[in-house]
Structure formats: C-alpha cells, structure tokens
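Text of the file work-v9.pdb, holding PDB, C-alpha atoms, pLDDT in the B column:
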ATOM      1  CA  MET A  21       7.881 -52.240 -28.121  1.00 74.00           C
ATOM      2  CA  LEU A  22      11.309 -53.648 -27.342  1.00 73.00           C
ATOM      3  CA  LYS A  23      12.681 -50.120 -27.243  1.00 74.00           C
ATOM      4  CA  SER A  24      10.245 -49.061 -24.495  1.00 76.00           C
ATOM      5  CA  ILE A  25      11.051 -52.177 -22.414  1.00 83.00           C
ATOM      6  CA  VAL A  26      14.784 -51.488 -22.632  1.00 74.00           C
ATOM      7  CA  SER A  27      14.141 -47.839 -21.736  1.00 79.00           C
ATOM      8  CA  ALA A  28      12.066 -48.812 -18.675  1.00 78.00           C
ATOM      9  CA  VAL A  29      14.723 -51.276 -17.476  1.00 78.00           C
ATOM     10  CA  GLY A  30      17.397 -48.611 -17.942  1.00 79.00           C
ATOM     11  CA  ALA A  31      15.400 -46.051 -15.949  1.00 80.00           C
ATOM     12  CA  ALA A  32      14.876 -48.593 -13.147  1.00 79.00           C
ATOM     13  CA  LEU A  33      18.596 -49.387 -13.017  1.00 77.00           C
ATOM     14  CA  ARG A  34      19.512 -45.683 -12.926  1.00 82.00           C
ATOM     15  CA  ALA A  35      17.097 -45.177 -10.011  1.00 80.00           C
ATOM     16  CA  VAL A  36      18.542 -48.163  -8.098  1.00 75.00           C
ATOM     17  CA  PHE A  37      22.119 -46.923  -8.579  1.00 77.00           C
ATOM     18  CA  ALA A  38      21.183 -43.358  -7.565  1.00 78.00           C
ATOM     19  CA  LEU A  39      19.540 -44.680  -4.399  1.00 76.00           C
ATOM     20  CA  ALA A  40      22.514 -46.931  -3.613  1.00 75.00           C
ATOM     21  CA  GLY A  41      24.934 -44.056  -4.183  1.00 76.00           C
ATOM     22  CA  GLY A  42      22.922 -41.821  -1.842  1.00 75.00           C
ATOM     23  CA  VAL A  43      22.774 -44.484   0.888  1.00 73.00           C
ATOM     24  CA  LEU A  44      26.476 -45.307   0.594  1.00 73.00           C
ATOM     25  CA  SER A  45      27.466 -41.632   0.793  1.00 75.00           C
ATOM     26  CA  VAL A  46      25.620 -41.013   4.092  1.00 73.00           C
ATOM     27  CA  PRO A  47      28.454 -42.281   6.369  1.00 77.00           C
ATOM     28  CA  GLY A  48      30.991 -40.188   4.498  1.00 73.00           C
ATOM     29  CA  ARG A  49      28.847 -37.047   4.791  1.00 73.00           C
ATOM     30  CA  LEU A  50      28.255 -37.670   8.497  1.00 71.00           C
ATOM     31  CA  ALA A  51      31.981 -38.081   9.125  1.00 71.00           C
ATOM     32  CA  ALA A  52      32.730 -34.915   7.173  1.00 71.00           C
ATOM     33  CA  ALA A  53      30.124 -32.991   9.184  1.00 70.00           C
ATOM     34  CA  LEU A  54      31.589 -34.252  12.485  1.00 71.00           C
ATOM     35  CA  PHE A  55      35.121 -33.202  11.604  1.00 71.00           C
ATOM     36  CA  GLY A  56      34.205 -29.807  10.164  1.00 68.00           C
ATOM     37  CA  GLY A  57      34.426 -30.699   6.517  1.00 63.00           C
ATOM     38  CA  GLY A  58      31.645 -30.746   3.993  1.00 57.00           C
ATOM     39  CA  SER A  59      30.613 -28.714   1.069  1.00 58.00           C
ATOM     40  CA  ALA A  60      31.029 -24.963   1.257  1.00 56.00           C
ATOM     41  CA  PRO A  61      28.084 -22.741   0.345  1.00 56.00           C
ATOM     42  CA  PRO A  62      28.271 -21.216  -3.113  1.00 57.00           C
ATOM     43  CA  ALA A  63      30.150 -17.930  -3.304  1.00 56.00           C
ATOM     44  CA  GLU A  64      27.288 -16.200  -5.135  1.00 67.00           C
ATOM     45  CA  ASP A  65      23.829 -17.045  -6.364  1.00 70.00           C
ATOM     46  CA  THR A  66      23.228 -18.536  -9.751  1.00 79.00           C
ATOM     47  CA  PRO A  67      21.876 -16.280 -12.505  1.00 81.00           C
ATOM     48  CA  ALA A  68      18.416 -17.849 -12.130  1.00 82.00           C
ATOM     49  CA  VAL A  69      18.316 -16.959  -8.418  1.00 80.00           C
ATOM     50  CA  GLN A  70      19.592 -13.445  -9.105  1.00 81.00           C
ATOM     51  CA  ASP A  71      16.884 -13.001 -11.763  1.00 83.00           C
ATOM     52  CA  LEU A  72      14.196 -14.225  -9.359  1.00 85.00           C
ATOM     53  CA  VAL A  73      15.408 -11.853  -6.619  1.00 84.00           C
ATOM     54  CA  ALA A  74      15.341  -8.936  -9.070  1.00 85.00           C
ATOM     55  CA  ARG A  75      11.815  -9.811 -10.246  1.00 88.00           C
ATOM     56  CA  LEU A  76      10.554 -10.110  -6.660  1.00 88.00           C
ATOM     57  CA  ALA A  77      12.108  -6.752  -5.747  1.00 87.00           C
ATOM     58  CA  ALA A  78      10.477  -5.132  -8.794  1.00 86.00           C
ATOM     59  CA  ALA A  79       7.084  -6.649  -7.898  1.00 85.00           C
ATOM     60  CA  ASP A  80       7.430  -5.422  -4.308  1.00 84.00           C
ATOM     61  CA  ALA A  81       8.320  -1.910  -5.488  1.00 83.00           C
ATOM     62  CA  GLU A  82       5.337  -1.928  -7.860  1.00 84.00           C
ATOM     63  CA  GLU A  83       3.013  -3.007  -5.042  1.00 82.00           C
ATOM     64  CA  GLN A  84       4.334  -0.243  -2.776  1.00 82.00           C
ATOM     65  CA  ASP A  85       3.797   2.298  -5.565  1.00 82.00           C
ATOM     66  CA  ASN A  86       0.232   1.032  -5.981  1.00 86.00           C
ATOM     67  CA  TRP A  87      -0.527   1.441  -2.247  1.00 88.00           C
ATOM     68  CA  LYS A  88       0.987   4.940  -2.334  1.00 91.00           C
ATOM     69  CA  ARG A  89      -1.224   5.801  -5.311  1.00 91.00           C
ATOM     70  CA  ILE A  90      -4.325   4.500  -3.495  1.00 92.00           C
ATOM     71  CA  ALA A  91      -3.462   6.480  -0.345  1.00 93.00           C
ATOM     72  CA  ASP A  92      -2.973   9.637  -2.432  1.00 93.00           C
ATOM     73  CA  ALA A  93      -6.365   9.124  -4.097  1.00 94.00           C
ATOM     74  CA  ILE A  94      -8.061   8.648  -0.716  1.00 94.00           C
ATOM     75  CA  TRP A  95      -6.425  11.812   0.639  1.00 94.00           C
ATOM     76  CA  HIS A  96      -7.513  13.821  -2.428  1.00 94.00           C
ATOM     77  CA  TRP A  97     -11.047  12.418  -2.218  1.00 93.00           C
ATOM     78  CA  CYS A  98     -11.281  13.514   1.427  1.00 94.00           C
ATOM     79  CA  VAL A  99      -9.999  17.018   0.626  1.00 93.00           C
ATOM     80  CA  GLU A 100     -12.423  17.422  -2.284  1.00 93.00           C
ATOM     81  CA  SER A 101     -15.310  16.122  -0.165  1.00 92.00           C
ATOM     82  CA  LEU A 102     -14.482  18.535   2.669  1.00 91.00           C
ATOM     83  CA  ILE A 103     -14.416  21.434   0.203  1.00 91.00           C
ATOM     84  CA  ALA A 104     -17.750  20.309  -1.298  1.00 89.00           C
ATOM     85  CA  ASP A 105     -19.294  19.787   2.192  1.00 88.00           C
ATOM     86  CA  GLY A 106     -20.224  16.236   1.253  1.00 88.00           C
ATOM     87  CA  PRO A 107     -18.980  13.067  -0.436  1.00 90.00           C
ATOM     88  CA  VAL A 108     -17.918  13.482  -4.062  1.00 92.00           C
ATOM     89  CA  ALA A 109     -17.566  10.823  -6.769  1.00 91.00           C
ATOM     90  CA  VAL A 110     -15.100   8.055  -5.972  1.00 92.00           C
ATOM     91  CA  PRO A 111     -12.427   7.300  -8.616  1.00 91.00           C
ATOM     92  CA  SER A 112     -13.457   4.188 -10.528  1.00 91.00           C
ATOM     93  CA  TRP A 113      -9.972   2.633 -10.554  1.00 92.00           C
ATOM     94  CA  LEU A 114      -9.807   2.191  -6.769  1.00 92.00           C
ATOM     95  CA  PRO A 115     -10.208  -1.319  -5.333  1.00 92.00           C
ATOM     96  CA  ARG A 116     -13.790  -2.389  -4.618  1.00 94.00           C
ATOM     97  CA  PRO A 117     -13.462  -2.390  -0.807  1.00 93.00           C
ATOM     98  CA  VAL A 118     -12.195   1.205  -0.878  1.00 93.00           C
ATOM     99  CA  LYS A 119     -14.973   2.265  -3.290  1.00 93.00           C
ATOM    100  CA  ALA A 120     -17.547   0.782  -0.889  1.00 93.00           C
ATOM    101  CA  TRP A 121     -15.911   2.457   2.134  1.00 93.00           C
ATOM    102  CA  LEU A 122     -15.220   6.049   1.037  1.00 93.00           C
ATOM    103  CA  PRO A 123     -18.815   7.238   0.407  1.00 93.00           C
ATOM    104  CA  GLY A 124     -19.793   6.173   3.936  1.00 93.00           C
ATOM    105  CA  LEU A 125     -17.168   8.242   5.734  1.00 93.00           C
ATOM    106  CA  THR A 126     -18.228  11.151   7.919  1.00 91.00           C
ATOM    107  CA  ALA A 127     -16.769  14.647   7.800  1.00 91.00           C
ATOM    108  CA  ASN A 128     -14.808  13.979  11.008  1.00 92.00           C
ATOM    109  CA  GLU A 129     -13.301  10.826   9.518  1.00 93.00           C
ATOM    110  CA  ALA A 130     -12.349  12.731   6.356  1.00 93.00           C
ATOM    111  CA  GLU A 131     -10.689  15.437   8.475  1.00 93.00           C
ATOM    112  CA  THR A 132      -8.745  12.756  10.359  1.00 94.00           C
ATOM    113  CA  ILE A 133      -7.556  11.208   7.094  1.00 94.00           C
ATOM    114  CA  VAL A 134      -6.515  14.589   5.675  1.00 93.00           C
ATOM    115  CA  SER A 135      -4.530  15.282   8.855  1.00 93.00           C
ATOM    116  CA  ALA A 136      -2.757  11.901   8.778  1.00 92.00           C
ATOM    117  CA  GLU A 137       0.494  11.012   7.043  1.00 91.00           C
ATOM    118  CA  LYS A 138       0.283   9.101   3.769  1.00 89.00           C
ATOM    119  CA  GLN A 139       2.023   6.052   5.283  1.00 91.00           C
ATOM    120  CA  ALA A 140      -0.620   5.953   8.026  1.00 92.00           C
ATOM    121  CA  ILE A 141      -3.381   6.073   5.391  1.00 93.00           C
ATOM    122  CA  GLN A 142      -1.702   3.202   3.530  1.00 91.00           C
ATOM    123  CA  ALA A 143      -1.451   1.153   6.725  1.00 91.00           C
ATOM    124  CA  HIS A 144      -5.111   1.834   7.558  1.00 92.00           C
ATOM    125  CA  VAL A 145      -6.317   0.774   4.110  1.00 92.00           C
ATOM    126  CA  ARG A 146      -4.134  -2.334   4.144  1.00 88.00           C
ATOM    127  CA  GLY A 147      -5.440  -3.256   7.605  1.00 89.00           C
ATOM    128  CA  LEU A 148      -2.009  -3.129   9.243  1.00 89.00           C
ATOM    129  CA  TYR A 149      -3.167  -0.659  11.902  1.00 89.00           C
ATOM    130  CA  GLY A 150      -6.034   1.757  12.138  1.00 89.00           C
ATOM    131  CA  LEU A 151      -6.274   5.502  12.225  1.00 91.00           C
ATOM    132  CA  PRO A 152      -7.940   6.562  15.492  1.00 92.00           C
ATOM    133  CA  GLY A 153     -11.436   7.846  14.776  1.00 92.00           C
ATOM    134  CA  VAL A 154     -11.690   6.271  11.313  1.00 93.00           C
ATOM    135  CA  ARG A 155     -13.643   3.072  10.747  1.00 93.00           C
ATOM    136  CA  LYS A 156     -11.818   0.184   9.097  1.00 93.00           C
ATOM    137  CA  VAL A 157     -12.170  -0.384   5.370  1.00 92.00           C
ATOM    138  CA  GLN A 158     -15.509  -2.133   4.983  1.00 92.00           C
ATOM    139  CA  THR A 159     -18.769  -1.677   3.137  1.00 89.00           C
ATOM    140  CA  LEU A 160     -20.492   1.393   4.596  1.00 90.00           C
ATOM    141  CA  ALA A 161     -23.872   2.854   3.777  1.00 88.00           C
ATOM    142  CA  PRO A 162     -23.280   5.872   1.509  1.00 88.00           C
ATOM    143  CA  VAL A 163     -23.834   9.295   3.041  1.00 85.00           C
ATOM    144  CA  LYS A 164     -25.608  11.739   0.726  1.00 81.00           C
ATOM    145  CA  GLU A 165     -24.476  14.879   2.551  1.00 79.00           C
ATOM    146  CA  TRP A 166     -22.668  15.639   5.733  1.00 79.00           C
ATOM    147  CA  ALA A 167     -24.524  17.184   8.654  1.00 74.00           C
ATOM    148  CA  PRO A 168     -23.785  20.882   8.969  1.00 70.00           C
ATOM    149  CA  GLU A 169     -21.434  21.687  11.816  1.00 62.00           C
ATOM    150  CA  PRO A 170     -22.070  24.586  14.184  1.00 53.00           C
ATOM    151  CA  ALA A 171     -20.397  27.833  13.126  1.00 49.00           C
ATOM    152  CA  GLN A 172     -18.347  28.054  16.354  1.00 53.00           C
ATOM    153  CA  ARG A 173     -17.080  24.654  17.519  1.00 59.00           C
ATOM    154  CA  GLN A 174     -14.379  25.856  19.913  1.00 62.00           C
ATOM    155  CA  PRO A 175     -14.471  28.448  22.677  1.00 60.00           C
ATOM    156  CA  ALA A 176     -13.732  31.994  21.686  1.00 53.00           C
ATOM    157  CA  PRO A 177     -10.039  32.943  21.653  1.00 57.00           C
ATOM    158  CA  VAL A 178      -8.639  34.498  24.817  1.00 58.00           C
ATOM    159  CA  PHE A 179      -8.107  37.921  23.229  1.00 57.00           C
ATOM    160  CA  ALA A 180     -11.821  38.139  22.348  1.00 51.00           C
ATOM    161  CA  VAL A 181     -12.821  37.365  25.948  1.00 51.00           C
ATOM    162  CA  ASP A 182     -10.261  39.874  27.271  1.00 58.00           C
ATOM    163  CA  ALA A 183     -11.571  42.592  24.944  1.00 52.00           C
ATOM    164  CA  THR A 184     -15.135  41.970  26.134  1.00 52.00           C
ATOM    165  CA  CYS A 185     -14.083  42.109  29.791  1.00 54.00           C
ATOM    166  CA  GLU A 186     -11.993  45.260  29.184  1.00 58.00           C
ATOM    167  CA  ALA A 187     -14.967  47.018  27.579  1.00 55.00           C
ATOM    168  CA  ALA A 188     -17.150  46.094  30.560  1.00 56.00           C
ATOM    169  CA  ARG A 189     -14.602  47.535  33.032  1.00 61.00           C
ATOM    170  CA  ARG A 190     -14.329  50.947  31.366  1.00 61.00           C
ATOM    171  CA  PRO A 191     -16.338  53.756  32.926  1.00 63.00           C
ATOM    172  CA  ALA A 192     -19.053  55.061  30.681  1.00 56.00           C
TER     173      ALA A 192
END

For the structure just supplied, provide its representation as structure tokens.
Amino acid sequence: MLKSIVSAVGAALRAVFALAGGVLSVPGRLAAALFGGGSAPPAEDTPAVQDLVARLAAADAEEQDNWKRIADAIWHWCVESLIADGPVAVPSWLPRPVKAWLPGLTANEAETIVSAEKQAIQAHVRGLYGLPGVRKVQTLAPVKEWAPEPAQRQPAPVFAVDATCEAARRPA
C-alpha cells in the first residue's frame, strides 16, 4: 500500500517537473527560432521509419499487382465471351462487385473493354474514370446470350462498289 502511494507521488512530481521544463523552455525556443537557430532535422530516418516505408511500398506494389491481375481477368473474360457469342463463367476469385457486373455486360461493352489498354480497364474497375460506352461497375442483371448482330454492320468496301459499277459499265 505504501509502495503504491510513493509511486503515485513520484509520478505526479515527474509530471509537474516535465510540464515546468516545457513551459520554461518556450522562451528559449522562440528566441532560437527568431535568430535562425533551433534543432536541425535528422540526417536520415530511424530504422523504424525506414521499415514502415518499406512495408508501405511493398503493400502498394501488392495492391497494384492485384488490380493488374483483376484487369487481366476481365480482359480474358471479355475475349472468351466474344468467342463464345455470350457471357461465360466468371472466375470465382474476382471481387464481388466485378462478379455481379461482368455477366450483365453487352457484346459492345465487351468489345470496348477488349480494345482498351489494361491501365484503362484498371481505372474503370477502380472507379477512377470510366471507359466510354461501358457502364460503371455495379450489379447488373445477367445476360443469358447476346443478341445476334447483323452479318454486315459497315458499308461495303470501296473496291466492292467499284467492281459492281465497272461491271455495269461494260458493254454486253
């Protein structure tokens, strides 16, 4: 009992002296700051800070690798779905929002994703900026099969039109 009382009194005295030392040092620090003195910043970080910086850099690199892996999986899913003429199975390891988004994409959106750069796909999935013509990552109603596209979506090439006109101009 006596030991705890002496310990409490000692802790109180240490706190009072620390406070008094801090208050008494304020004028000296102010004068040093006015005349250009003061403490210099440390030449290099402590080992604990260096370790923390290294761990944060490793975590950031791991996160970037994860986003690259997700973008690659999305690109491959779109390619496989375009080849199959409809949505294929979504990889089970993808994040839930992506798994709820991919099956609802249209063929045009899949073509846009396949044509985009991987960094653009990453940015779209992360919500940093969107790919034009592709809906944001959200829960979409799954599409069972894509609507068939017309066989000829673009006008005939110029050489085909010229050949037709040339044949019409020849005398029979």

**Request:** With the file shown as input, list the residues that the PyMOL selection byres ((chain A and resi 99-105) around 9) selects, as a list in words.
**Result:** Ile94, Trp95, His96, Trp97, Cys98, Gly106, Pro107, Val108, Ala109, Ala127, Ala130, Glu131, Val134, Glu165, Trp166, Ala167 and Pro168 of chain A

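One distance worth recording is that between CA of Arg75 (chain A) and CA of Trp113 (chain A), which is 25.1 Å.
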
**Request:** Enter the distance from CA of Gln84 (chain A) to CA of Gln142 (chain A), in Å, rounded to one decimal.
**Result:** 9.4 Å

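If you count all atoms listed in the file and ignore residues fewer than 6 places along the chain from Asn86 (chain A), what sits within 12 Å of it is Ala79, Asp80, Asp92, Ala93, Trp113, Leu114, Pro115, Gln142 and Arg146 of chain A.
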
Same residues, C-alpha atoms, output as an mmCIF file, in the coordinates of the input:
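Saved the output as again.cif:
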data_model
loop_
_atom_site.group_PDB
_atom_site.id
_atom_site.type_symbol
_atom_site.label_atom_id
_atom_site.label_comp_id
_atom_site.auth_asym_id
_atom_site.auth_seq_id
_atom_site.Cartn_x
_atom_site.Cartn_y
_atom_site.Cartn_z
ATOM 1 C CA ALA A 79 7.084 -6.649 -7.898
ATOM 2 C CA ASP A 80 7.430 -5.422 -4.308
ATOM 3 C CA ASP A 92 -2.973 9.637 -2.432
ATOM 4 C CA ALA A 93 -6.365 9.124 -4.097
ATOM 5 C CA TRP A 113 -9.972 2.633 -10.554
ATOM 6 C CA LEU A 114 -9.807 2.191 -6.769
ATOM 7 C CA PRO A 115 -10.208 -1.319 -5.333
ATOM 8 C CA GLN A 142 -1.702 3.202 3.530
ATOM 9 C CA ARG A 146 -4.134 -2.334 4.144
#

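Here the question is which of A:Ala77, A:Ala161, A:Ala140, A:Leu54 gets nearest to Leu125 (chain A) using only C-alpha atoms, and that residue is A:Ala161.
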
**Message:** Which residue is closest to Lys138 (chain A)? Choose from A:Pro117, A:Lys88, A:Ile25, A:Thr66 and count only C-alpha atoms.
**Reply:** A:Lys88

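Here CA of Trp87 (chain A) stands at a distance of 22.6 Å from CA of Thr126 (chain A).
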
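Shortest separation to Lys164 (chain A) among A:Gly124, A:Val110, A:Val69, A:Leu39 occurs at residue A:Gly124, atoms counted being all atoms listed in the file.
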
**Asked** What do you get, as a PyMOL selection string, if you spell out every residue that the PyMOL selection byres ((chain A and resi 144) around 12) selects here?
**Response** chain A and resi 87+90-91+94+118+132-133+136-143+145-158
